[in-house]
Amino acid sequence: MSILRTLVLLPALTLPLSAFAQDKELNLYSSRHYQTDEALYAGFTKATGIKVNRIEAGEDALIERIRNEGARSPADVLVTVDAGRLWRAEQLGLFQPVKSAVLESRIPASFREPEGKWFGFSLRARVIAYNKARVKPGDLKTYEDLADAKWKGRVCMRSSSNIYNLSLMGALIAHLGEAQAEAWARSVRANLAREPKGGDTDQLKSVAAGECDVTISNQYYYARLARSQKPEDRHVAEQVGVLFPNQATWGAHVNISGAGVMKNAPHRDAAVKFLEYLASDEAQGYFANGNNEWPVVASAQVVNPVLSAFGAFKYDPVNVAVLGRNQPASQKLYDRVGWK
């Protein structure tokens with residue numbers, strides 16, 4: 001999601017003064033832009049009587065806005081994607097810790113910051129996608145396999161500065177150590193069919209078109225193509241196979257969409273209630289289905305045929321906060337191997 005996206009401020013460029021004065025309001029800064037979110041906010045208001053005032057923009061733009069607003073910020077809650085971005089906001093001191101029996105009982109420990117500064121509410125996996133006409137499923141089993149010389153000139157990837165790739169590298173560092181992770185990055189860099197460019201959807205289209213044979217993508221980009229109303233999108237999905245790596249070792253790398261309560265939240269109690277609502281079975285369905293992601297709460301049910309078709313898989317149990325902590329080392333590592 002671009003940091004250049006124009007800010008969409010509802011209902012105006014600045015929140016009304018009444019937003020600070022009333023306990024029955026919540027000021028939400030969100031980078032999510034999905035149709036199902038309307039039902040999510042309506043459900044929260046119906047359950048609590050708390051009105052939701054929204055400011056929507058790109059992830060990095062919202063973080064920068066809150067930082068610039070400082071102690072006078074009207075923001076109560078920040079909702080964004082990827083633990084790496086939540087970590088960035090955490091490092092800027094934007095969150096306050098939350099102690100909630102509801103959140104701690106419903107959200108697995110690996111999907112929340114250990115001190116309660118932010119929590120994951122939906123789950124995405126970074127999968128390997130391959131051209132079904134040119135690659136057999138058994139040819140690849142792990143992320144590490146992409147470093148094999150047999151894939152030279154056959155791999156498409158996006159930029160190393162992309163938050164998804166930074167978080168993936170954070171996981172590789174956690175499991176392999178920095179030296180082995182760097183060796184992996186250097187070998188994958190040597191296997192690229194072209195210089196890194198574009199987003200995950202672009203990588204999938206390149207695989208389908210035969211410009212390369214394999215790539216790494218968040219699973220929901222494939223799901224969007226498969227569920228699209230456009231025949232050309234569905235055609236791309238039909239050419240591409242998806243596998244969950246490392247099922248015999250540490251599991252597929254996963255990340256989150258998450259949220260936290262702002263340090264200077266003027267409506268702290270409402271903010272905590274909102275996070276607790278996001279952990280409800282009802283909200284989990286809205287939160288996950290909006291972007292073809294899985295709920296983090298085990299009891300939540302999501303009706304999504306594309307997600308169901310993926311089946312069950314083993315995911316990496318490492319705490320997602322580690323992905324952020326390893327982010328500086330990840331970027332330096334990518335830079336050393338010349339991965340643009």
# chains A, B, ... in the order shown; residues from 1 in each chain; ligands from 1
>>> select_by_dssp(residues="region 212-333 of chain A", states="helix (DSSP H, G or I)", output="JSON, numbers by chain")
{"A": [219, 220, 221, 222, 223, 224, 225, 226, 227, 231, 232, 233, 234, 235, 236, 237, 238, 239, 268, 269, 270, 271, 272, 273, 274, 275, 276, 277, 278, 281, 282, 283, 284, 285, 286, 287, 288, 289, 305, 306, 307, 308, 309, 310, 321, 322, 323, 324, 325, 327, 328, 329, 330, 331, 332, 333]}
>>> residues_around(residues="region 157-162 of chain A", least_positions_apart="4", cutoff="6 Å", atoms="only C-alpha atoms", output="PyMOL selection string")
chain A and resi 196-198+215+340
>>> residues_around(residues="region 32-41 of chain A", least_positions_apart="4", cutoff="7 Å", atoms="only C-alpha atoms", output="ChimeraX atom specification")
/A:45,52,80,283,286-287,290
>>> write_last_selection(atoms="N, CA, C and O atoms", output="PDB file, in the first residue's frame")
ATOM      1  N   THR A  45     -20.221  -0.234  17.012  1.00  0.00           N
ATOM      2  CA  THR A  45     -21.115   0.817  17.510  1.00  0.00           C
ATOM      3  C   THR A  45     -22.397   0.211  18.068  1.00  0.00           C
ATOM      4  O   THR A  45     -22.893   0.642  19.118  1.00  0.00           O
ATOM      5  N   VAL A  52     -17.545   5.629  15.782  1.00  0.00           N
ATOM      6  CA  VAL A  52     -16.186   5.528  15.254  1.00  0.00           C
ATOM      7  C   VAL A  52     -15.943   6.658  14.245  1.00  0.00           C
ATOM      8  O   VAL A  52     -16.615   6.742  13.220  1.00  0.00           O
ATOM      9  N   THR A  80      -3.031  -1.185  11.288  1.00  0.00           N
ATOM     10  CA  THR A  80      -2.174  -1.246  10.110  1.00  0.00           C
ATOM     11  C   THR A  80      -1.770  -2.689   9.836  1.00  0.00           C
ATOM     12  O   THR A  80      -2.185  -3.610  10.549  1.00  0.00           O
ATOM     13  N   ALA A 283     -16.306  -9.995  14.781  1.00  0.00           N
ATOM     14  CA  ALA A 283     -15.350  -9.082  14.161  1.00  0.00           C
ATOM     15  C   ALA A 283     -14.257  -9.830  13.426  1.00  0.00           C
ATOM     16  O   ALA A 283     -13.769  -9.374  12.388  1.00  0.00           O
ATOM     17  N   TYR A 286     -15.309 -10.400   9.866  1.00  0.00           N
ATOM     18  CA  TYR A 286     -15.206  -9.185   9.054  1.00  0.00           C
ATOM     19  C   TYR A 286     -13.748  -8.834   8.785  1.00  0.00           C
ATOM     20  O   TYR A 286     -13.354  -8.502   7.672  1.00  0.00           O
ATOM     21  N   PHE A 287     -12.952  -8.885   9.843  1.00  0.00           N
ATOM     22  CA  PHE A 287     -11.568  -8.436   9.769  1.00  0.00           C
ATOM     23  C   PHE A 287     -10.767  -9.300   8.804  1.00  0.00           C
ATOM     24  O   PHE A 287      -9.951  -8.795   8.031  1.00  0.00           O
ATOM     25  N   GLY A 290     -12.211  -9.377   4.774  1.00  0.00           N
ATOM     26  CA  GLY A 290     -12.001  -8.179   3.987  1.00  0.00           C
ATOM     27  C   GLY A 290     -10.775  -8.263   3.107  1.00  0.00           C
ATOM     28  O   GLY A 290     -10.702  -7.596   2.066  1.00  0.00           O
TER      29      GLY A 290
END
>>> select_by_dssp(residues="region 168-246 of chain A", states="strand (DSSP E or B)", output="PyMOL selection string")
chain A and resi 192+214-218+240-243
>>> write_last_selection(atoms="C-alpha atoms", output="compact mmCIF listing (two decimals), in the first residue's frame")
# COMPACT_ATOMS: atom_id res chain seq x y z
CA LEU A 192 16.68 -13.59 -10.11
CA VAL A 214 8.69 -18.99 -9.00
CA THR A 215 8.14 -16.14 -6.58
CA ILE A 216 7.14 -15.38 -2.99
CA SER A 217 3.84 -13.65 -2.28
CA ASN A 218 1.32 -13.08 0.48
CA VAL A 240 -0.18 -20.44 -10.74
CA GLY A 241 0.22 -23.01 -8.00
CA VAL A 242 0.73 -22.14 -4.34
CA LEU A 243 2.59 -24.04 -1.64
>>> residues_around(residues="region 100-105 of chain A", least_positions_apart="3", cutoff="10 Å", atoms="only C-alpha atoms", output="list in words")
Pro97, Pro108, Ala109, Arg112, Gly116, Phe119, Gly120, Phe121, Val272, Lys273, Leu275, Glu276, Tyr277, Leu278, Ala279, Ser280 and Val297 of chain A
>>> residues_around(residues="Asn326 (chain A)", least_positions_apart="5", cutoff="9 Å", atoms="only C-alpha atoms", output="count of residues only")
10
>>> closest_residue(among="A:Ala183, A:Ile63, A:Phe111, A:Ile55", to="Ala89 (chain A)", atoms="only C-alpha atoms")
A:Ile63
